[in-house]
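model_4.txt (compact mmCIF, C-alpha atoms and all ligand atoms) appears below.
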```txt
# COMPACT_ATOMS: atom_id res chain seq x y z
CA MET W 3 -36.14 14.07 -9.99
CA SER W 4 -33.25 14.93 -12.35
CA PRO W 5 -30.39 12.42 -12.60
CA ARG W 6 -27.29 13.26 -10.59
CA ALA W 7 -24.63 15.04 -12.62
CA VAL W 8 -21.63 13.03 -13.81
CA ARG W 9 -18.39 14.04 -12.14
CA THR W 10 -15.22 13.67 -14.17
CA VAL W 11 -12.03 13.29 -12.13
CA ARG W 12 -8.85 13.78 -14.16
CA PHE W 13 -6.07 11.82 -12.52
CA LEU W 14 -2.33 11.33 -12.67
CA LEU W 15 -0.81 7.94 -11.89
CA THR W 16 2.88 7.59 -11.07
CA GLY W 17 4.14 3.99 -11.16
CA LEU W 18 2.78 1.42 -13.58
CA GLY W 19 3.99 -1.85 -12.09
CA ASN W 20 2.37 -4.64 -10.07
CA VAL W 21 0.03 -2.12 -8.45
CA GLY W 22 -0.42 0.55 -11.14
CA VAL W 23 -1.33 -1.80 -13.97
CA PRO W 24 -4.06 -3.75 -12.08
CA LEU W 25 -5.37 -0.41 -10.86
CA LEU W 26 -5.91 0.68 -14.47
CA GLU W 27 -7.46 -2.71 -15.25
CA ILE W 28 -9.91 -2.38 -12.35
CA LEU W 29 -10.78 1.12 -13.49
CA ARG W 30 -11.56 -0.21 -16.92
CA SER W 31 -13.56 -3.23 -15.74
CA ARG W 32 -15.53 -1.22 -13.13
CA ALA W 33 -16.02 1.96 -15.18
CA SER W 34 -19.74 1.35 -15.70
CA LEU W 35 -20.26 0.51 -12.02
CA LEU W 36 -18.45 3.72 -11.03
CA MET W 37 -20.74 5.61 -13.36
CA GLU W 38 -24.00 3.89 -12.35
CA ARG W 39 -23.41 3.87 -8.62
CA TYR W 40 -21.35 7.01 -8.06
CA ARG W 41 -21.80 9.04 -11.28
CA LEU W 42 -18.01 9.15 -11.40
CA GLU W 43 -15.75 9.06 -14.45
CA LEU W 44 -12.04 8.63 -13.72
CA LEU W 45 -10.00 9.96 -16.60
CA PRO W 46 -6.24 9.28 -16.83
CA VAL W 47 -4.62 12.48 -18.10
CA GLY W 48 -1.02 11.72 -17.13
CA LEU W 49 0.85 8.50 -16.38
CA ALA W 50 4.51 8.02 -15.48
CA ASP W 51 6.93 5.12 -15.20
CA SER W 52 10.71 4.98 -14.95
CA GLY W 53 11.15 5.82 -18.65
CA GLY W 54 9.01 8.94 -18.77
CA ALA W 55 5.37 9.86 -19.06
CA ALA W 56 2.33 9.97 -21.31
CA VAL W 57 0.02 12.97 -21.25
CA SER W 58 -3.35 13.75 -22.77
CA PRO W 59 -5.73 16.39 -21.35
CA THR W 60 -8.67 14.57 -22.96
CA GLY W 61 -7.76 11.19 -21.46
CA LEU W 62 -5.27 8.49 -22.36
CA ASP W 63 -6.26 5.27 -24.11
CA VAL W 64 -6.03 2.75 -21.25
CA ALA W 65 -6.02 -0.26 -23.60
CA ALA W 66 -2.97 1.16 -25.40
CA VAL W 67 -1.26 1.89 -22.06
CA LEU W 68 -1.88 -1.66 -20.83
CA ALA W 69 -0.56 -3.11 -24.09
CA VAL W 70 2.64 -1.08 -23.89
CA LYS W 71 3.22 -2.07 -20.24
CA ARG W 72 2.53 -5.76 -21.00
CA ALA W 73 5.21 -5.48 -23.68
CA ARG W 74 7.50 -4.07 -20.94
CA HIS W 75 7.95 -0.71 -22.62
CA SER W 76 7.62 2.75 -21.14
CA VAL W 77 4.43 4.75 -21.62
CA ALA W 78 6.79 7.40 -22.99
CA SER W 79 6.93 5.30 -26.17
CA LEU W 80 3.20 5.78 -26.88
CA PRO W 81 2.84 7.64 -30.18
CA GLY W 82 1.57 11.21 -29.95
CA VAL W 83 1.21 11.27 -26.14
CA GLY W 84 4.56 9.89 -24.92
CA ARG W 85 7.01 12.24 -23.16
CA PRO W 86 10.36 10.43 -22.87
CA GLY W 87 12.28 11.43 -19.74
CA MET W 88 9.41 13.37 -18.15
CA SER W 89 9.55 12.62 -14.42
CA GLY W 90 6.61 11.94 -12.13
CA ARG W 91 7.39 15.20 -10.38
CA ALA W 92 7.30 17.15 -13.66
CA LEU W 93 4.00 15.45 -14.45
CA VAL W 94 2.48 16.71 -11.20
CA ARG W 95 3.89 20.20 -11.73
CA GLU W 96 2.95 20.59 -15.38
CA VAL W 97 -0.27 18.68 -15.96
CA LYS W 98 -3.60 19.96 -14.70
CA ALA W 99 -5.42 17.23 -12.78
CA ASP W 100 -7.83 16.65 -9.90
CA LEU W 101 -6.08 13.72 -8.24
CA LEU W 102 -2.73 11.98 -7.85
CA LEU W 103 -2.45 8.20 -7.53
CA GLU W 104 1.09 7.30 -6.40
CA ALA W 105 2.52 3.78 -6.90
CA THR W 106 6.26 4.16 -7.45
CA PRO W 107 8.65 1.80 -5.61
CA THR W 108 9.09 2.14 -1.88
CA ASN W 109 12.40 3.70 -0.96
CA LEU W 110 13.11 3.74 2.76
CA LYS W 111 16.30 5.79 2.47
CA ASP W 112 14.82 9.09 1.35
CA GLY W 113 11.23 8.27 0.33
CA GLN W 114 11.88 9.25 -3.28
CA PRO W 115 10.52 9.64 -5.86
CA GLY W 116 7.16 9.33 -4.10
CA LEU W 117 7.84 11.90 -1.37
CA ASP W 118 8.55 14.79 -3.75
CA ILE W 119 5.70 13.75 -6.04
CA THR W 120 3.22 13.65 -3.13
CA ARG W 121 4.48 16.86 -1.55
CA ASP W 122 4.21 18.72 -4.87
CA ALA W 123 0.70 17.41 -5.48
CA LEU W 124 -0.54 18.45 -2.03
CA MET W 125 1.12 21.86 -2.33
CA ARG W 126 -0.68 22.36 -5.63
CA GLY W 127 -3.97 21.55 -3.90
CA MET W 128 -4.26 18.11 -5.48
CA PRO W 129 -5.65 15.22 -3.39
CA ALA W 130 -3.26 12.27 -3.21
CA VAL W 131 -3.83 8.53 -2.80
CA LEU W 132 -0.70 6.53 -2.06
CA ALA W 133 0.24 2.89 -2.41
CA SER W 134 3.90 3.66 -1.83
CA LYS W 135 5.08 3.55 1.74
CA GLY W 136 8.30 5.57 1.54
CA PRO W 137 6.66 9.03 1.61
CA LEU W 138 4.55 8.05 4.63
CA VAL W 139 7.33 6.34 6.56
CA LEU W 140 9.77 9.21 6.09
CA GLY W 141 7.45 12.18 5.80
CA PHE W 142 4.19 11.36 7.59
CA GLN W 143 4.10 14.37 9.87
CA GLU W 144 5.00 16.81 7.08
CA LEU W 145 2.47 15.28 4.66
CA ALA W 146 -0.18 15.30 7.40
CA ARG W 147 0.36 19.04 7.86
CA LEU W 148 0.13 19.61 4.09
CA SER W 149 -3.12 17.64 3.89
CA ASP W 150 -6.51 17.31 5.50
CA LEU W 151 -5.10 14.85 8.02
CA GLU W 152 -3.94 17.74 10.17
CA SER W 153 -4.97 20.88 8.32
CA PRO W 154 -8.69 21.36 7.60
CA GLY W 155 -9.24 22.78 4.13
CA ARG W 156 -6.01 21.28 2.76
CA PRO W 157 -6.29 18.54 0.08
CA PRO W 158 -7.05 14.99 1.21
CA LEU W 159 -4.27 12.43 1.66
CA ARG W 160 -5.26 8.76 1.77
CA PHE W 161 -3.14 5.60 1.87
CA SER W 162 -5.29 2.54 2.68
CA GLY W 163 -3.36 0.37 0.22
CA ALA W 164 0.05 1.33 1.59
CA ALA W 165 -0.51 -0.02 5.08
CA GLY W 166 -2.33 -3.27 4.40
CA ALA W 167 -3.16 -3.63 0.70
CA ALA W 168 -6.81 -4.79 0.61
CA MET W 169 -6.94 -5.35 4.36
CA PRO W 170 -8.79 -2.31 5.75
CA LEU W 171 -6.41 -1.57 8.63
CA VAL W 172 -6.47 2.20 8.34
CA SER W 173 -10.25 2.41 7.85
CA LEU W 174 -10.90 0.13 10.80
CA GLY W 175 -8.29 1.59 13.10
CA ARG W 176 -8.73 5.26 12.29
CA GLY W 177 -12.44 5.17 11.52
CA ASP W 178 -14.44 2.41 13.20
CA LEU W 179 -12.36 2.26 16.37
CA ALA W 180 -12.00 6.04 16.51
CA LEU W 181 -12.87 6.71 20.14
CA GLY W 182 -11.37 3.57 21.63
CA LYS W 183 -8.23 3.51 23.67
CA LEU W 184 -6.10 1.07 21.71
CA GLY W 185 -4.24 -1.75 23.41
CA ARG W 186 -1.69 -4.17 22.01
CA PHE W 187 -1.66 -4.34 18.23
CA GLU W 188 -0.41 -7.43 16.41
CA GLY W 189 -0.23 -7.96 12.68
CA VAL W 190 1.13 -10.08 9.90
CA LEU W 191 1.46 -7.30 7.38
CA ASN W 192 3.66 -8.79 4.69
CA ASN W 193 2.37 -11.38 2.23
CA THR W 194 5.78 -12.55 1.09
CA SER W 195 7.18 -13.40 4.51
CA GLN W 196 3.97 -15.22 5.44
CA LEU W 197 4.07 -17.23 2.22
CA LEU W 198 7.75 -18.05 2.76
CA LEU W 199 7.34 -19.12 6.40
CA SER W 200 4.26 -21.22 5.55
CA ARG W 201 5.88 -22.92 2.58
CA MET W 202 9.11 -23.53 4.51
CA SER W 203 7.15 -25.10 7.37
CA GLN W 204 5.66 -27.44 4.72
CA GLY W 205 9.20 -28.44 3.68
CA GLN W 206 9.70 -26.15 0.66
CA SER W 207 13.00 -24.35 0.14
CA TYR W 208 13.39 -20.62 0.75
CA ASP W 209 14.36 -20.03 -2.91
CA ALA W 210 11.34 -21.89 -4.36
CA ALA W 211 8.97 -20.04 -2.03
CA LEU W 212 10.52 -16.68 -2.93
CA LYS W 213 10.10 -17.44 -6.65
CA GLU W 214 6.40 -18.16 -6.02
CA ALA W 215 5.97 -14.80 -4.26
CA GLN W 216 7.74 -12.99 -7.11
CA ALA W 217 5.61 -14.74 -9.73
CA LEU W 218 2.49 -13.61 -7.86
CA GLY W 219 3.75 -10.00 -7.91
CA ILE W 220 3.48 -9.67 -4.12
CA ALA W 221 7.22 -9.45 -3.39
CA GLU W 222 8.77 -6.00 -3.22
CA ALA W 223 11.13 -5.11 -6.07
CA ASP W 224 13.88 -5.71 -3.48
CA PRO W 225 12.71 -8.84 -1.57
CA ALA W 226 15.10 -8.03 1.28
CA LEU W 227 12.48 -5.46 2.28
CA ASP W 228 10.06 -8.35 2.85
CA VAL W 229 12.25 -11.01 4.47
CA ASP W 230 14.33 -8.67 6.65
CA GLY W 231 11.16 -7.19 8.12
CA TRP W 232 11.46 -3.64 6.77
CA ASP W 233 8.25 -3.74 4.75
CA THR W 234 6.38 -4.89 7.86
CA ALA W 235 8.13 -2.23 9.95
CA SER W 236 7.16 0.43 7.39
CA LYS W 237 3.51 -0.53 7.64
CA LEU W 238 3.74 -0.52 11.44
CA VAL W 239 5.18 3.02 11.31
CA ILE W 240 2.30 4.14 9.06
CA LEU W 241 -0.24 2.59 11.46
CA ALA W 242 1.54 4.13 14.45
CA ASN W 243 1.20 7.60 12.93
CA ALA W 244 -2.21 7.22 11.31
CA VAL W 245 -4.10 4.96 13.73
CA MET W 246 -2.34 5.10 17.10
CA ARG W 247 -1.55 8.77 16.33
CA VAL W 248 1.99 8.53 17.65
CA PRO W 249 4.77 10.22 15.62
CA ALA W 250 6.87 7.04 15.27
CA VAL W 251 9.75 6.63 12.81
CA LEU W 252 11.45 3.53 11.45
CA SER W 253 14.27 3.65 14.00
CA ASP W 254 11.66 3.34 16.79
CA VAL W 255 10.90 -0.22 15.61
CA ALA W 256 13.08 -3.12 16.83
CA VAL W 257 13.30 -5.19 13.63
CA THR W 258 14.39 -8.81 13.24
CA GLY W 259 13.76 -10.44 9.88
CA MET W 260 12.83 -14.05 9.12
CA ARG W 261 16.13 -15.28 7.70
CA GLY W 262 17.26 -16.77 11.01
CA VAL W 263 14.12 -18.88 11.56
CA THR W 264 15.11 -22.56 11.91
CA ARG W 265 13.31 -25.70 10.79
CA GLU W 266 13.14 -26.74 14.43
CA GLN W 267 11.27 -23.54 15.37
CA LEU W 268 8.84 -24.05 12.49
CA ASP W 269 8.25 -27.73 13.43
CA THR W 270 7.82 -27.00 17.14
CA ALA W 271 5.25 -24.27 16.47
CA ARG W 272 3.38 -26.51 14.04
CA ALA W 273 3.31 -29.41 16.52
CA LYS W 274 1.51 -27.09 18.97
CA GLY W 275 -1.14 -26.21 16.40
CA GLY W 276 0.37 -22.79 15.78
CA GLN W 277 3.02 -21.35 13.51
CA VAL W 278 5.90 -18.91 13.32
CA LEU W 279 4.73 -15.50 12.09
CA LEU W 280 6.73 -12.43 11.18
CA LEU W 281 4.74 -10.42 13.70
CA ALA W 282 4.46 -6.66 13.92
CA ARG W 283 3.63 -5.58 17.42
CA GLY W 284 2.73 -2.31 19.09
CA GLU W 285 2.58 -2.32 22.88
CA PRO W 286 1.24 0.74 24.70
CA LEU W 287 3.44 1.72 27.62
CA GLY W 288 1.23 4.61 28.75
CA GLU W 289 1.35 8.40 28.25
CA GLU W 290 1.30 8.05 24.44
CA ARG W 291 4.46 5.93 24.61
CA TRP W 292 4.48 2.71 22.64
CA GLU W 293 6.99 -0.04 22.04
CA TRP W 294 7.21 -1.18 18.43
CA SER W 295 8.72 -4.41 17.15
CA VAL W 296 8.83 -6.77 14.20
CA ARG W 297 10.17 -10.23 14.83
CA PRO W 298 9.56 -13.91 14.05
CA THR W 299 7.18 -15.04 16.77
CA ALA W 300 5.89 -18.54 17.50
CA VAL W 301 2.18 -18.34 18.31
CA ASP W 302 0.24 -21.26 19.74
CA ALA W 303 -3.20 -22.54 18.75
CA SER W 304 -5.01 -20.05 21.02
CA HIS W 305 -3.68 -16.98 19.20
CA PRO W 306 -6.19 -15.22 16.86
CA LEU W 307 -3.68 -15.44 14.00
CA ALA W 308 -2.63 -19.06 14.61
CA ARG W 309 -4.52 -20.37 11.60
CA LEU W 310 -3.37 -17.75 9.13
CA GLY W 311 -2.92 -19.31 5.69
CA PRO W 312 0.08 -18.92 3.36
CA MET W 313 -1.69 -16.31 1.24
CA GLU W 314 -3.19 -14.42 4.15
CA MET W 315 -2.31 -11.38 6.17
CA GLY W 316 -3.96 -10.54 9.46
CA ALA W 317 -4.15 -8.09 12.31
CA VAL W 318 -5.56 -7.90 15.81
CA PHE W 319 -6.73 -4.58 17.22
CA ARG W 320 -7.60 -4.36 20.90
CA SER W 321 -9.66 -1.44 22.15
CA ASP W 322 -11.18 -0.66 25.53
CA LEU W 323 -14.50 0.21 23.85
CA HIS W 324 -14.57 -2.25 20.95
CA GLY W 325 -12.94 -5.36 22.38
CA VAL W 326 -10.81 -7.51 20.12
CA ASN W 327 -11.18 -7.14 16.36
CA THR W 328 -9.30 -9.60 14.18
CA LEU W 329 -8.94 -9.01 10.46
CA ILE W 330 -7.80 -11.73 8.08
CA ASN W 331 -7.36 -11.04 4.40
CA ALA W 332 -6.62 -13.47 1.60
CA GLU W 333 -5.39 -11.25 -1.16
CA GLN W 334 -5.40 -11.96 -4.88
CA GLY W 335 -1.98 -10.64 -5.88
CA ALA W 336 -1.53 -6.86 -5.91
CA ARG W 337 -5.07 -6.22 -7.21
CA GLY W 338 -6.32 -5.60 -3.70
CA THR W 339 -3.98 -2.64 -3.36
CA GLY W 340 -5.49 -1.06 -6.47
CA ALA W 341 -8.95 -1.71 -5.06
CA ALA W 342 -7.97 -0.09 -1.76
CA MET W 343 -6.72 2.97 -3.66
CA LEU W 344 -10.05 3.24 -5.45
CA LYS W 345 -11.87 2.99 -2.13
CA ASP W 346 -9.81 5.99 -1.05
CA VAL W 347 -10.78 7.83 -4.25
CA LEU W 348 -14.46 7.25 -3.48
CA GLU W 349 -13.89 8.65 0.00
CA ILE W 350 -12.29 11.78 -1.48
CA PHE W 351 -15.06 12.24 -4.07
CA PRO W 352 -18.14 11.14 -2.09
CA ASP W 353 -21.46 10.47 -3.67
N1 LIG E 1 2.89 -5.13 -4.87
C1 LIG E 1 2.09 -5.07 -3.79
O1 LIG E 1 1.39 -6.02 -3.48
C2 LIG E 1 2.00 -3.79 -2.98
C3 LIG E 1 1.06 -3.71 -1.95
C4 LIG E 1 0.94 -2.51 -1.21
C5 LIG E 1 1.76 -1.45 -1.51
N2 LIG E 1 2.70 -1.57 -2.49
C6 LIG E 1 3.54 -0.42 -2.79
O2 LIG E 1 3.12 0.12 -4.05
C7 LIG E 1 4.22 0.65 -4.73
C8 LIG E 1 4.31 0.02 -6.12
O3 LIG E 1 4.54 -1.36 -5.96
P1 LIG E 1 4.68 -2.32 -7.22
O4 LIG E 1 4.66 -3.68 -6.67
O5 LIG E 1 3.70 -1.90 -8.26
O6 LIG E 1 6.16 -1.93 -7.71
P2 LIG E 1 6.78 -2.26 -9.15
O7 LIG E 1 6.08 -3.43 -9.76
O8 LIG E 1 8.25 -2.30 -8.93
O9 LIG E 1 6.39 -0.99 -10.03
C9 LIG E 1 6.94 0.26 -9.80
C10 LIG E 1 6.53 1.19 -10.93
O10 LIG E 1 7.12 2.46 -10.67
C11 LIG E 1 7.84 2.89 -11.82
N3 LIG E 1 8.96 3.73 -11.44
C12 LIG E 1 10.16 3.38 -10.93
N4 LIG E 1 10.89 4.47 -10.68
C13 LIG E 1 10.14 5.54 -11.05
C14 LIG E 1 10.35 6.95 -11.09
N5 LIG E 1 11.49 7.48 -10.64
N6 LIG E 1 9.35 7.74 -11.55
C15 LIG E 1 8.18 7.22 -12.00
N7 LIG E 1 7.92 5.89 -12.01
C16 LIG E 1 8.90 5.07 -11.54
C17 LIG E 1 8.29 1.62 -12.50
O11 LIG E 1 8.56 1.91 -13.86
P3 LIG E 1 8.83 0.78 -14.98
O12 LIG E 1 7.48 0.22 -15.32
O13 LIG E 1 9.41 1.58 -16.09
O14 LIG E 1 9.76 -0.19 -14.37
C18 LIG E 1 7.03 0.77 -12.30
O15 LIG E 1 6.06 1.08 -13.28
C19 LIG E 1 5.46 0.37 -3.88
O16 LIG E 1 5.79 1.53 -3.18
C20 LIG E 1 5.01 -0.72 -2.94
O17 LIG E 1 5.66 -0.68 -1.69
C21 LIG E 1 2.82 -2.71 -3.25
```

Represent the structure of the file as structure tokens.
Amino acid sequence: MSPRAVRTVRFLLTGLGNVGVPLLEILRSRASLLMERYRLELLPVGLADSGGAAVSPTGLDVAAVLAVKRARHSVASLPGVGRPGMSGRALVREVKADLLLEATPTNLKDGQPGLDITRDALMRGMPAVLASKGPLVLGFQELARLSDLESPGRPPLRFSGAAGAAMPLVSLGRGDLALGKLGRFEGVLNNTSQLLLSRMSQGQSYDAALKEAQALGIAEADPALDVDGWDTASKLVILANAVMRVPAVLSDVAVTGMRGVTREQLDTARAKGGQVLLLARGEPLGEERWEWSVRPTAVDASHPLARLGPMEMGAVFRSDLHGVNTLINAEQGARGTGAAMLKDVLEIFPD
């Protein structure tokens, strides 16, 4: 039997921060596994950050890219391949590639720059894998129509990392539970708020706990997104659209952040063997109507997420066919998001 042919996938990556850099590191450390197991070579032909881009049709030197990002410079400063001022959108429009990986900051006002970048990629027939939530929260229905999610034959759109980092919420909900009628959904979907609430219930100050989350690279660039509940609400909106298949938008979610949680509430919950969680909740009301909320919620010892640790996220799916499935994920920084994106890539380019 002849060996399977090697497939080379030329990719663009927009955003080289807490997610983009580990993604490149994983690609480098797992390159031989990708080759052995999947006969897949992933070749970076265009990368963009806020200062510009770097482009090479024969593949960029990942070690040089990582060195320049560790030194906190733009890839646009790389000799020979750097393109100062070239935007992510221009990269997608001008550079020939087989795949877009999108990891620019989440912007919940207009979804940019990720929304335009993703839209352009899909319109050019390029599959897209997103870590950024903005394009999905603000443009899910449009992007679904431009992609295989709603239009057979259109390029694939995947976003496992956007909704739950390494926690396989989309795969489980959309895939494994496919034919079930889903009941109440509950989730702790934001690392930073869970770390803060846990540390504060152990007596640590809000500021010290926030510094820890920032040092771990799990806090959003604007931590208000985490503590005020908007990151959690964004993920809930993505799950609503992708898993519950309801066209929800951010304003459908009643959002209360964790800033108002008192020591007394934390102590009372702890005394009962539970804890206060920043809980995302979806409650089916019938006829495809759901009620969505994010709010600090005291759960007692009997709740499936009562024992969630400071570095853990979790979710509970209830289905008439599958019963109760509880996921708990202890994530190692933002690496899990990169890993989830690569899982999506393998789904797009199957063995
Ligand atoms: N961190 C996590 O654990 C996590 C988990 C799941 C999903 N996400 C999502 O993944 C995305 C990336 O998160 P992150 O933590 O990696 O953010 P980050 O550390 O702030 O990195 C953002 C990257 O995007 C670049 N950038 C900013 N504006 C840009 C523009 N207009 N065009 C092109 N590049 C631009 C930045 O450039 P510079 O390098 O020049 O600053 C940086 O490289 C976000 O949407 C976030 O919500 C993050």

Proximity of chain W to ligand LIG 1 (chain E): per-residue shortest pair, 7 Å limit, only C-alpha atoms and all ligand atoms, as a tab-separated table:
```
residue	atom	partner	partner_atom	distance
W:Thr16	CA	E:LIG1	C15	5.4
W:Gly17	CA	E:LIG1	O10	3.4
W:Leu18	CA	E:LIG1	O15	3.3
W:Gly19	CA	E:LIG1	O9	3.3
W:Asn20	CA	E:LIG1	O5	3.5
W:Val21	CA	E:LIG1	O5	3.7
W:Gly22	CA	E:LIG1	O5	5.6
W:Ala50	CA	E:LIG1	C15	5.1
W:Asp51	CA	E:LIG1	N7	3.4
W:Ser52	CA	E:LIG1	O13	3.8
W:Gly53	CA	E:LIG1	O13	5.2
W:Lys71	CA	E:LIG1	O12	6.9
W:Ser76	CA	E:LIG1	O13	5.5
W:Ser89	CA	E:LIG1	N6	5.7
W:Gly90	CA	E:LIG1	C15	5.0
W:Ala105	CA	E:LIG1	C7	4.2
W:Thr106	CA	E:LIG1	O10	3.7
W:Pro107	CA	E:LIG1	O16	3.8
W:Thr108	CA	E:LIG1	O16	3.6
W:Pro115	CA	E:LIG1	N5	5.3
W:Ala133	CA	E:LIG1	O2	4.3
W:Ser134	CA	E:LIG1	O16	3.2
W:Lys135	CA	E:LIG1	O16	5.4
W:Gly136	CA	E:LIG1	O16	6.7
W:Gly163	CA	E:LIG1	C4	5.4
W:Ala164	CA	E:LIG1	C5	4.5
W:Ala165	CA	E:LIG1	C4	6.9
W:Gly166	CA	E:LIG1	C4	6.5
W:Ala167	CA	E:LIG1	C4	4.7
W:Gly219	CA	E:LIG1	N1	5.8
W:Ile220	CA	E:LIG1	O1	4.3
W:Ala221	CA	E:LIG1	N1	6.3
W:Glu222	CA	E:LIG1	O4	5.8
W:Ala223	CA	E:LIG1	O8	4.9
W:Gly335	CA	E:LIG1	O1	6.2
W:Ala336	CA	E:LIG1	O1	3.9
W:Thr339	CA	E:LIG1	C3	5.3
```

Can I get the selected residues back with C-alpha atoms, as a PDB file, in the frame of the given file?
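part_1.pdb was written with the following content:
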```pdb
ATOM      1  CA  THR W  16       2.880   7.590 -11.070  1.00  0.00           C
ATOM      2  CA  GLY W  17       4.140   3.990 -11.160  1.00  0.00           C
ATOM      3  CA  LEU W  18       2.780   1.420 -13.580  1.00  0.00           C
ATOM      4  CA  GLY W  19       3.990  -1.850 -12.090  1.00  0.00           C
ATOM      5  CA  ASN W  20       2.370  -4.640 -10.070  1.00  0.00           C
ATOM      6  CA  VAL W  21       0.030  -2.120  -8.450  1.00  0.00           C
ATOM      7  CA  GLY W  22      -0.420   0.550 -11.140  1.00  0.00           C
ATOM      8  CA  ALA W  50       4.510   8.020 -15.480  1.00  0.00           C
ATOM      9  CA  ASP W  51       6.930   5.120 -15.200  1.00  0.00           C
ATOM     10  CA  SER W  52      10.710   4.980 -14.950  1.00  0.00           C
ATOM     11  CA  GLY W  53      11.150   5.820 -18.650  1.00  0.00           C
ATOM     12  CA  LYS W  71       3.220  -2.070 -20.240  1.00  0.00           C
ATOM     13  CA  SER W  76       7.620   2.750 -21.140  1.00  0.00           C
ATOM     14  CA  SER W  89       9.550  12.620 -14.420  1.00  0.00           C
ATOM     15  CA  GLY W  90       6.610  11.940 -12.130  1.00  0.00           C
ATOM     16  CA  ALA W 105       2.520   3.780  -6.900  1.00  0.00           C
ATOM     17  CA  THR W 106       6.260   4.160  -7.450  1.00  0.00           C
ATOM     18  CA  PRO W 107       8.650   1.800  -5.610  1.00  0.00           C
ATOM     19  CA  THR W 108       9.090   2.140  -1.880  1.00  0.00           C
ATOM     20  CA  PRO W 115      10.520   9.640  -5.860  1.00  0.00           C
ATOM     21  CA  ALA W 133       0.240   2.890  -2.410  1.00  0.00           C
ATOM     22  CA  SER W 134       3.900   3.660  -1.830  1.00  0.00           C
ATOM     23  CA  LYS W 135       5.080   3.550   1.740  1.00  0.00           C
ATOM     24  CA  GLY W 136       8.300   5.570   1.540  1.00  0.00           C
ATOM     25  CA  GLY W 163      -3.360   0.370   0.220  1.00  0.00           C
ATOM     26  CA  ALA W 164       0.050   1.330   1.590  1.00  0.00           C
ATOM     27  CA  ALA W 165      -0.510  -0.020   5.080  1.00  0.00           C
ATOM     28  CA  GLY W 166      -2.330  -3.270   4.400  1.00  0.00           C
ATOM     29  CA  ALA W 167      -3.160  -3.630   0.700  1.00  0.00           C
ATOM     30  CA  GLY W 219       3.750 -10.000  -7.910  1.00  0.00           C
ATOM     31  CA  ILE W 220       3.480  -9.670  -4.120  1.00  0.00           C
ATOM     32  CA  ALA W 221       7.220  -9.450  -3.390  1.00  0.00           C
ATOM     33  CA  GLU W 222       8.770  -6.000  -3.220  1.00  0.00           C
ATOM     34  CA  ALA W 223      11.130  -5.110  -6.070  1.00  0.00           C
ATOM     35  CA  GLY W 335      -1.980 -10.640  -5.880  1.00  0.00           C
ATOM     36  CA  ALA W 336      -1.530  -6.860  -5.910  1.00  0.00           C
ATOM     37  CA  THR W 339      -3.980  -2.640  -3.360  1.00  0.00           C
TER      38      THR W 339
END
```

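Candidate residues W:Leu238, W:Ala7, W:Val326, W:Leu184 were compared for distance to Pro286 in chain W, and the nearest is W:Leu184, using all atoms listed in the file.
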
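Across W:Asp63, W:Glu96, W:Glu293, W:Asp224, the tightest approach to Leu80 in chain W is made by W:Asp63 when counting only C-alpha atoms.
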
Using only C-alpha atoms, can you tell me which of W:Arg297, W:Arg272, W:Arg291, W:Arg32 comes closest to Gly259 in chain W?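 Closest residue, counting only C-alpha atoms: W:Arg297.
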
Looking at all atoms listed in the file, which of W:Val347, W:Arg95, W:Leu279, W:Thr264 is the one that sits closest to Leu44 in chain W? W:Val347

Just want the 12 Å neighbourhood of Gly82 in chain W, counted on all atoms listed in the file, with same-chain residues fewer than 3 positions away dropped. Output as a PyMOL selection string. chain W and resi 55-58+62-63+66+77-79+85-86

Give as a compact mmCIF listing (two decimals) with C-alpha atoms, in the frame of the given file the set of residues within 10 Å of the point (0.2, 15.5, -1.0), where distances use the file's coordinates and only C-alpha atoms.
```
# COMPACT_ATOMS: atom_id res chain seq x y z
CA LEU W 101 -6.08 13.72 -8.24
CA LEU W 102 -2.73 11.98 -7.85
CA GLU W 104 1.09 7.30 -6.40
CA GLY W 116 7.16 9.33 -4.10
CA LEU W 117 7.84 11.90 -1.37
CA ASP W 118 8.55 14.79 -3.75
CA ILE W 119 5.70 13.75 -6.04
CA THR W 120 3.22 13.65 -3.13
CA ARG W 121 4.48 16.86 -1.55
CA ASP W 122 4.21 18.72 -4.87
CA ALA W 123 0.70 17.41 -5.48
CA LEU W 124 -0.54 18.45 -2.03
CA MET W 125 1.12 21.86 -2.33
CA ARG W 126 -0.68 22.36 -5.63
CA GLY W 127 -3.97 21.55 -3.90
CA MET W 128 -4.26 18.11 -5.48
CA PRO W 129 -5.65 15.22 -3.39
CA ALA W 130 -3.26 12.27 -3.21
CA VAL W 131 -3.83 8.53 -2.80
CA LEU W 132 -0.70 6.53 -2.06
CA PRO W 137 6.66 9.03 1.61
CA GLU W 144 5.00 16.81 7.08
CA LEU W 145 2.47 15.28 4.66
CA ALA W 146 -0.18 15.30 7.40
CA ARG W 147 0.36 19.04 7.86
CA LEU W 148 0.13 19.61 4.09
CA SER W 149 -3.12 17.64 3.89
CA ASP W 150 -6.51 17.31 5.50
CA ARG W 156 -6.01 21.28 2.76
CA PRO W 157 -6.29 18.54 0.08
CA PRO W 158 -7.05 14.99 1.21
CA LEU W 159 -4.27 12.43 1.66
CA ARG W 160 -5.26 8.76 1.77
```

Which one is closest to Leu323 in chain W: W:Asp178, W:Glu188, W:Glu27, W:Asp112? Count only C-alpha atoms. W:Asp178

I'd like the neighbourhood of Phe13 in chain W as a ChimeraX atom specification, where a residue qualifies if any of its atoms comes within 8 Å (using only C-alpha atoms), though same-chain residues fewer than 6 positions away should be ignored. /W:44-48,99-103

In Å, how far is it from CA of Leu191 in chain W to CA of Ile28 in chain W?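 Interatomic distance, CA of Leu191 in chain W to CA of Ile28 in chain W: 23.3 Å.
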